[in-house]
file start26.cif (mmCIF, N, CA and C atoms)
data_my_file
#
loop_
_atom_site.label_atom_id
_atom_site.label_comp_id
_atom_site.auth_asym_id
_atom_site.auth_seq_id
_atom_site.Cartn_x
_atom_site.Cartn_y
_atom_site.Cartn_z
N MET A 1 38.97 -30.17 55.24
CA MET A 1 38.02 -29.17 54.86
C MET A 1 38.43 -28.47 53.58
N ALA A 2 39.67 -28.42 53.30
CA ALA A 2 40.17 -27.74 52.12
C ALA A 2 40.44 -28.72 51.00
N ASP A 3 39.58 -29.75 50.87
CA ASP A 3 39.78 -30.75 49.82
C ASP A 3 39.50 -30.18 48.42
N ASN A 4 38.49 -29.34 48.30
CA ASN A 4 38.12 -28.76 47.00
C ASN A 4 38.29 -27.25 47.03
N PRO A 5 39.50 -26.75 46.91
CA PRO A 5 39.64 -25.30 46.87
C PRO A 5 39.18 -24.79 45.50
N LYS A 6 38.65 -23.57 45.50
CA LYS A 6 38.20 -22.97 44.23
C LYS A 6 39.42 -22.66 43.38
N PRO A 7 39.39 -23.06 42.11
CA PRO A 7 40.54 -22.78 41.26
C PRO A 7 40.65 -21.30 40.95
N THR A 8 41.84 -20.83 40.84
CA THR A 8 42.08 -19.43 40.51
C THR A 8 43.05 -19.37 39.34
N GLY A 9 43.08 -18.25 38.64
CA GLY A 9 44.04 -18.04 37.55
C GLY A 9 43.85 -19.03 36.43
N LEU A 10 44.93 -19.66 36.02
CA LEU A 10 44.90 -20.61 34.92
C LEU A 10 44.22 -21.92 35.29
N GLY A 11 44.05 -22.16 36.57
CA GLY A 11 43.39 -23.38 37.02
C GLY A 11 41.93 -23.44 36.59
N ILE A 12 41.33 -22.28 36.38
CA ILE A 12 39.93 -22.25 35.94
C ILE A 12 39.81 -22.84 34.54
N LEU A 13 40.79 -22.57 33.66
CA LEU A 13 40.72 -23.04 32.29
C LEU A 13 40.85 -24.55 32.19
N VAL A 14 41.41 -25.18 33.21
CA VAL A 14 41.58 -26.62 33.19
C VAL A 14 40.23 -27.32 33.41
N ASP A 15 39.37 -26.74 34.21
CA ASP A 15 38.07 -27.32 34.52
C ASP A 15 37.10 -27.02 33.37
N GLU A 16 36.85 -28.03 32.52
CA GLU A 16 36.00 -27.84 31.33
C GLU A 16 34.57 -27.50 31.70
N LYS A 17 34.05 -28.13 32.74
CA LYS A 17 32.68 -27.87 33.14
C LYS A 17 32.51 -26.41 33.56
N ARG A 18 33.47 -25.92 34.32
CA ARG A 18 33.41 -24.54 34.78
C ARG A 18 33.52 -23.57 33.60
N VAL A 19 34.39 -23.84 32.62
CA VAL A 19 34.55 -23.00 31.44
C VAL A 19 33.26 -22.98 30.63
N ASN A 20 32.64 -24.14 30.42
CA ASN A 20 31.38 -24.21 29.68
C ASN A 20 30.27 -23.46 30.40
N ASP A 21 30.23 -23.57 31.74
CA ASP A 21 29.23 -22.84 32.50
C ASP A 21 29.42 -21.32 32.36
N LEU A 22 30.68 -20.87 32.42
CA LEU A 22 30.96 -19.44 32.27
C LEU A 22 30.58 -18.94 30.87
N LEU A 23 30.89 -19.75 29.84
CA LEU A 23 30.53 -19.35 28.48
C LEU A 23 29.02 -19.30 28.30
N THR A 24 28.32 -20.26 28.88
CA THR A 24 26.86 -20.28 28.80
C THR A 24 26.27 -19.07 29.49
N GLN A 25 26.79 -18.72 30.65
CA GLN A 25 26.29 -17.55 31.37
C GLN A 25 26.56 -16.27 30.57
N LYS A 26 27.74 -16.20 29.97
CA LYS A 26 28.09 -15.02 29.20
C LYS A 26 27.19 -14.91 27.96
N ASN A 27 27.02 -16.00 27.23
CA ASN A 27 26.17 -15.98 26.04
C ASN A 27 24.71 -15.76 26.42
N GLY A 28 24.27 -16.30 27.54
CA GLY A 28 22.90 -16.09 27.99
C GLY A 28 22.63 -14.64 28.32
N ALA A 29 23.57 -13.98 28.96
CA ALA A 29 23.41 -12.57 29.30
C ALA A 29 23.42 -11.72 28.02
N LYS A 30 24.31 -12.07 27.09
CA LYS A 30 24.34 -11.34 25.82
C LYS A 30 23.03 -11.51 25.07
N ALA A 31 22.48 -12.71 25.10
CA ALA A 31 21.22 -12.97 24.39
C ALA A 31 20.08 -12.16 25.01
N VAL A 32 20.07 -12.07 26.33
CA VAL A 32 19.02 -11.30 27.01
C VAL A 32 19.14 -9.82 26.64
N VAL A 33 20.36 -9.30 26.68
CA VAL A 33 20.57 -7.89 26.33
C VAL A 33 20.22 -7.65 24.86
N ARG A 34 20.64 -8.56 23.98
CA ARG A 34 20.35 -8.43 22.56
C ARG A 34 18.84 -8.47 22.30
N SER A 35 18.13 -9.40 22.92
CA SER A 35 16.69 -9.48 22.70
C SER A 35 15.98 -8.27 23.29
N GLY A 36 16.50 -7.74 24.41
CA GLY A 36 15.92 -6.52 24.98
C GLY A 36 16.09 -5.33 24.05
N CYS A 37 17.26 -5.23 23.42
CA CYS A 37 17.49 -4.14 22.46
C CYS A 37 16.58 -4.28 21.24
N LYS A 38 16.41 -5.51 20.76
CA LYS A 38 15.51 -5.73 19.63
C LYS A 38 14.07 -5.38 19.99
N LEU A 39 13.66 -5.72 21.20
CA LEU A 39 12.31 -5.40 21.64
C LEU A 39 12.11 -3.89 21.71
N LEU A 40 13.07 -3.17 22.26
CA LEU A 40 12.97 -1.71 22.33
C LEU A 40 12.95 -1.09 20.94
N LEU A 41 13.74 -1.62 20.03
CA LEU A 41 13.75 -1.13 18.67
C LEU A 41 12.41 -1.38 17.98
N PHE A 42 11.81 -2.54 18.21
CA PHE A 42 10.51 -2.85 17.63
C PHE A 42 9.42 -1.96 18.20
N ILE A 43 9.46 -1.70 19.50
CA ILE A 43 8.48 -0.81 20.13
C ILE A 43 8.62 0.60 19.57
N PHE A 44 9.86 1.05 19.38
CA PHE A 44 10.10 2.36 18.77
C PHE A 44 9.54 2.42 17.36
N PHE A 45 9.74 1.36 16.58
CA PHE A 45 9.18 1.30 15.23
C PHE A 45 7.66 1.37 15.26
N LEU A 46 7.03 0.63 16.15
CA LEU A 46 5.56 0.65 16.24
C LEU A 46 5.04 2.05 16.60
N ILE A 47 5.69 2.69 17.53
CA ILE A 47 5.26 4.04 17.93
C ILE A 47 5.45 5.01 16.77
N LEU A 48 6.59 4.94 16.10
CA LEU A 48 6.85 5.83 14.96
C LEU A 48 5.87 5.58 13.83
N PHE A 49 5.60 4.32 13.51
CA PHE A 49 4.65 3.99 12.45
C PHE A 49 3.25 4.49 12.79
N THR A 50 2.85 4.31 14.04
CA THR A 50 1.52 4.77 14.47
C THR A 50 1.41 6.29 14.37
N LEU A 51 2.43 7.00 14.81
CA LEU A 51 2.40 8.46 14.73
C LEU A 51 2.37 8.94 13.29
N LEU A 52 3.12 8.30 12.42
CA LEU A 52 3.11 8.69 11.01
C LEU A 52 1.76 8.38 10.36
N ALA A 53 1.17 7.25 10.71
CA ALA A 53 -0.13 6.90 10.14
C ALA A 53 -1.22 7.84 10.63
N LEU A 54 -1.14 8.27 11.88
CA LEU A 54 -2.16 9.16 12.41
C LEU A 54 -1.99 10.60 11.94
N SER A 55 -0.79 10.96 11.50
CA SER A 55 -0.56 12.34 11.09
C SER A 55 -0.81 12.57 9.60
N GLU A 56 -1.27 11.55 8.88
CA GLU A 56 -1.54 11.72 7.46
C GLU A 56 -2.77 12.60 7.26
N PRO A 57 -2.80 13.38 6.18
CA PRO A 57 -3.95 14.25 5.91
C PRO A 57 -5.12 13.44 5.33
N LEU A 58 -5.90 12.81 6.19
CA LEU A 58 -6.97 11.94 5.74
C LEU A 58 -8.04 12.69 4.97
N ALA A 59 -8.28 13.96 5.29
CA ALA A 59 -9.30 14.73 4.56
C ALA A 59 -8.90 14.86 3.09
N ASP A 60 -7.62 15.10 2.82
CA ASP A 60 -7.17 15.20 1.43
C ASP A 60 -7.30 13.86 0.72
N PHE A 61 -6.98 12.77 1.42
CA PHE A 61 -7.10 11.45 0.81
C PHE A 61 -8.55 11.12 0.50
N ARG A 62 -9.45 11.47 1.40
CA ARG A 62 -10.88 11.21 1.18
C ARG A 62 -11.41 12.05 0.02
N ALA A 63 -10.96 13.30 -0.08
CA ALA A 63 -11.40 14.15 -1.19
C ALA A 63 -10.91 13.59 -2.52
N PHE A 64 -9.66 13.13 -2.56
CA PHE A 64 -9.13 12.55 -3.79
C PHE A 64 -9.86 11.26 -4.13
N GLU A 65 -10.15 10.44 -3.13
CA GLU A 65 -10.90 9.21 -3.36
C GLU A 65 -12.29 9.53 -3.92
N GLY A 66 -12.94 10.57 -3.40
CA GLY A 66 -14.24 10.98 -3.91
C GLY A 66 -14.17 11.42 -5.36
N PHE A 67 -13.10 12.16 -5.70
CA PHE A 67 -12.91 12.60 -7.09
C PHE A 67 -12.75 11.40 -8.02
N ILE A 68 -11.94 10.43 -7.61
CA ILE A 68 -11.71 9.24 -8.44
C ILE A 68 -13.00 8.44 -8.60
N ARG A 69 -13.73 8.25 -7.50
CA ARG A 69 -15.00 7.52 -7.59
C ARG A 69 -15.98 8.24 -8.50
N THR A 70 -16.04 9.55 -8.40
CA THR A 70 -16.96 10.32 -9.24
C THR A 70 -16.56 10.21 -10.71
N ARG A 71 -15.28 10.36 -10.98
CA ARG A 71 -14.81 10.36 -12.38
C ARG A 71 -14.95 9.01 -13.05
N PHE A 72 -14.68 7.94 -12.32
CA PHE A 72 -14.66 6.62 -12.94
C PHE A 72 -15.87 5.75 -12.60
N ASP A 73 -16.79 6.24 -11.78
CA ASP A 73 -17.95 5.40 -11.45
C ASP A 73 -19.26 6.15 -11.60
N SER A 74 -19.53 7.14 -10.77
CA SER A 74 -20.86 7.74 -10.76
C SER A 74 -21.13 8.65 -11.95
N GLN A 75 -20.13 9.35 -12.48
CA GLN A 75 -20.35 10.22 -13.65
C GLN A 75 -19.82 9.61 -14.94
N ALA A 76 -19.38 8.38 -14.88
CA ALA A 76 -18.84 7.73 -16.07
C ALA A 76 -19.98 7.18 -16.92
N PRO A 77 -19.76 7.03 -18.22
CA PRO A 77 -20.81 6.48 -19.07
C PRO A 77 -21.22 5.06 -18.66
N MET A 78 -20.30 4.29 -18.13
CA MET A 78 -20.61 2.94 -17.66
C MET A 78 -20.12 2.82 -16.23
N LYS A 79 -21.00 2.45 -15.32
CA LYS A 79 -20.61 2.35 -13.91
C LYS A 79 -19.87 1.05 -13.64
N MET A 80 -19.13 1.04 -12.53
CA MET A 80 -18.40 -0.16 -12.13
C MET A 80 -19.35 -1.31 -11.81
N SER A 81 -20.54 -0.99 -11.32
CA SER A 81 -21.48 -2.05 -10.99
C SER A 81 -21.96 -2.79 -12.24
N GLY A 82 -21.77 -2.20 -13.42
CA GLY A 82 -22.15 -2.85 -14.66
C GLY A 82 -21.14 -3.84 -15.17
N VAL A 83 -19.99 -3.93 -14.51
CA VAL A 83 -18.95 -4.87 -14.93
C VAL A 83 -19.24 -6.22 -14.29
N LYS A 84 -19.69 -7.14 -15.12
CA LYS A 84 -20.07 -8.47 -14.63
C LYS A 84 -19.27 -9.59 -15.29
N SER A 85 -18.65 -9.30 -16.42
CA SER A 85 -17.92 -10.34 -17.14
C SER A 85 -16.69 -9.71 -17.78
N THR A 86 -15.93 -10.55 -18.45
CA THR A 86 -14.73 -10.06 -19.11
C THR A 86 -15.07 -9.09 -20.23
N SER A 87 -16.08 -9.41 -20.99
CA SER A 87 -16.45 -8.51 -22.09
C SER A 87 -16.97 -7.17 -21.57
N SER A 88 -17.73 -7.19 -20.46
CA SER A 88 -18.20 -5.92 -19.91
C SER A 88 -17.05 -5.13 -19.27
N PHE A 89 -16.01 -5.84 -18.77
CA PHE A 89 -14.84 -5.14 -18.24
C PHE A 89 -14.15 -4.36 -19.36
N TRP A 90 -13.94 -4.99 -20.51
CA TRP A 90 -13.27 -4.31 -21.61
C TRP A 90 -14.14 -3.19 -22.18
N GLU A 91 -15.45 -3.36 -22.10
CA GLU A 91 -16.35 -2.28 -22.50
C GLU A 91 -16.21 -1.09 -21.54
N TYR A 92 -16.10 -1.40 -20.24
CA TYR A 92 -15.89 -0.34 -19.24
C TYR A 92 -14.56 0.37 -19.50
N VAL A 93 -13.51 -0.39 -19.77
CA VAL A 93 -12.20 0.21 -20.04
C VAL A 93 -12.28 1.12 -21.26
N ASP A 94 -13.00 0.68 -22.30
CA ASP A 94 -13.10 1.45 -23.53
C ASP A 94 -13.96 2.70 -23.36
N LYS A 95 -15.07 2.59 -22.63
CA LYS A 95 -16.00 3.71 -22.51
C LYS A 95 -15.67 4.68 -21.38
N SER A 96 -15.19 4.17 -20.25
CA SER A 96 -15.04 5.02 -19.07
C SER A 96 -13.59 5.21 -18.63
N PHE A 97 -12.83 4.13 -18.55
CA PHE A 97 -11.50 4.22 -17.95
C PHE A 97 -10.51 4.97 -18.83
N MET A 98 -10.36 4.54 -20.08
CA MET A 98 -9.38 5.19 -20.96
C MET A 98 -9.71 6.66 -21.22
N PRO A 99 -10.98 7.02 -21.48
CA PRO A 99 -11.27 8.45 -21.62
C PRO A 99 -11.02 9.22 -20.31
N GLY A 100 -11.25 8.58 -19.17
CA GLY A 100 -10.99 9.24 -17.90
C GLY A 100 -9.52 9.46 -17.65
N ILE A 101 -8.70 8.51 -18.04
CA ILE A 101 -7.25 8.63 -17.84
C ILE A 101 -6.66 9.69 -18.77
N TYR A 102 -7.08 9.70 -20.00
CA TYR A 102 -6.46 10.58 -20.98
C TYR A 102 -7.17 11.90 -21.17
N GLY A 103 -8.05 12.27 -20.25
CA GLY A 103 -8.56 13.62 -20.20
C GLY A 103 -9.80 13.92 -21.02
N ALA A 104 -10.36 12.95 -21.68
CA ALA A 104 -11.59 13.22 -22.43
C ALA A 104 -12.75 13.32 -21.43
N ASP A 105 -13.84 13.83 -21.91
CA ASP A 105 -15.00 14.01 -21.04
C ASP A 105 -15.67 12.66 -20.79
N THR A 106 -15.84 12.29 -19.54
CA THR A 106 -16.44 11.00 -19.20
C THR A 106 -17.81 11.14 -18.58
N ARG A 107 -18.38 12.32 -18.64
CA ARG A 107 -19.69 12.50 -18.02
C ARG A 107 -20.76 11.72 -18.76
N LYS A 108 -21.74 11.31 -17.99
CA LYS A 108 -22.83 10.53 -18.55
C LYS A 108 -23.74 11.40 -19.41
N TYR A 109 -23.98 12.62 -18.98
CA TYR A 109 -24.91 13.50 -19.68
C TYR A 109 -24.11 14.58 -20.39
N PHE A 110 -24.45 14.83 -21.64
CA PHE A 110 -23.75 15.83 -22.42
C PHE A 110 -24.67 17.03 -22.63
N TYR A 111 -24.11 18.21 -22.58
CA TYR A 111 -24.88 19.43 -22.74
C TYR A 111 -24.74 19.94 -24.17
N PRO A 112 -25.78 20.52 -24.72
CA PRO A 112 -25.69 21.05 -26.10
C PRO A 112 -24.63 22.16 -26.18
N ASP A 113 -23.98 22.21 -27.30
CA ASP A 113 -22.96 23.21 -27.59
C ASP A 113 -21.78 23.19 -26.61
N TYR A 114 -21.53 22.05 -26.00
CA TYR A 114 -20.39 21.91 -25.10
C TYR A 114 -19.34 21.05 -25.78
N THR A 115 -18.13 21.55 -25.86
CA THR A 115 -17.05 20.74 -26.42
C THR A 115 -16.03 20.51 -25.32
N PRO A 116 -15.64 19.27 -25.12
CA PRO A 116 -14.66 18.99 -24.07
C PRO A 116 -13.29 19.57 -24.44
N ASP A 117 -12.51 19.86 -23.44
CA ASP A 117 -11.16 20.40 -23.66
C ASP A 117 -10.33 19.37 -24.40
N ARG A 118 -9.52 19.87 -25.35
CA ARG A 118 -8.64 18.96 -26.09
C ARG A 118 -7.27 18.93 -25.45
N LEU A 119 -6.62 17.82 -25.59
CA LEU A 119 -5.25 17.71 -25.10
C LEU A 119 -4.32 18.47 -26.04
N LEU A 120 -3.23 18.95 -25.49
CA LEU A 120 -2.25 19.65 -26.30
C LEU A 120 -1.50 18.64 -27.18
N GLU A 121 -1.22 19.05 -28.39
CA GLU A 121 -0.45 18.19 -29.29
C GLU A 121 0.99 18.13 -28.80
N MET A 122 1.58 16.96 -28.87
CA MET A 122 2.98 16.80 -28.45
C MET A 122 3.86 16.75 -29.69
N ASP A 123 4.93 17.51 -29.68
CA ASP A 123 5.87 17.52 -30.79
C ASP A 123 6.70 16.25 -30.77
N GLY A 124 7.04 15.75 -31.92
CA GLY A 124 7.92 14.60 -32.01
C GLY A 124 7.21 13.27 -31.81
N GLY A 125 5.91 13.26 -31.86
CA GLY A 125 5.17 12.00 -31.71
C GLY A 125 5.19 11.21 -33.00
N ASN A 126 4.62 10.04 -32.96
CA ASN A 126 4.59 9.20 -34.17
C ASN A 126 3.70 9.83 -35.14
#

call {"tool": "encode", "arguments": {"input": "start26.cif", "output": "structure tokens"}}
result
Amino acid sequence: MADNPKPTGLGILVDEKRVNDLLTQKNGAKAVVRSGCKLLLFIFFLILFTLLALSEPLADFRAFEGFIRTRFDSQAPMKMSGVKSTSSFWEYVDKSFMPGIYGADTRKYFYPDYTPDRLLEMDGGN
């Protein structure tokens, strides 16, 4: 009955199959724990990202978007819908975009006796 006693001590290291099984079990458990930690970290990232995205001031973003659309599309001398080709794109850049970026008046309608604000002169320019 005692033909196959369980090895103890250094006898375990002699049995290659048993050593490989123990290493596989150890690595398998480590892999499960490691993947569980990665999953928890990913779930934490998703929750944090969602909370940050929901806490943004969307009203301010929408107001700024409205200002940009008004300045460069609806009140501009040339609307974005008029850009159909490369030449019309450069015409839009020349008439609406560059004056809008650098502070000149981009309104479509001009009022009599109205002068747009001038930019301040910069010292040391070319």

call {"tool": "atom_distance", "arguments": {"input": "start26.cif", "atom1": "atom C of Lys79 (chain A)", "atom2": "CA of Pro99 (chain A)"}}
result
13.9 Å

call {"tool": "atom_distance", "arguments": {"input": "start26.cif", "atom1": "atom C of Gly82 (chain A)", "atom2": "atom N of Pro112 (chain A)"}}
result
26.6 Å

call {"tool": "atom_distance", "arguments": {"input": "start26.cif", "atom1": "CA of Ala76 (chain A)", "atom2": "CA of Glu91 (chain A)"}}
result
12.2 Å

call {"tool": "select_by_dssp", "arguments": {"input": "start26.cif", "residues": "region 49-97 of chain A", "states": "helix (DSSP H, G or I)", "output": "PyMOL selection string"}}
result
chain A and resi 49-54+58-74+80-82+86-97

call {"tool": "resolve_selection", "arguments": {"input": "start26.cif", "expression": "the PyMOL selection byres (((chain A and resi 72 and name CA) around 10) and name CA)", "output": "count of residues only"}}
result
23
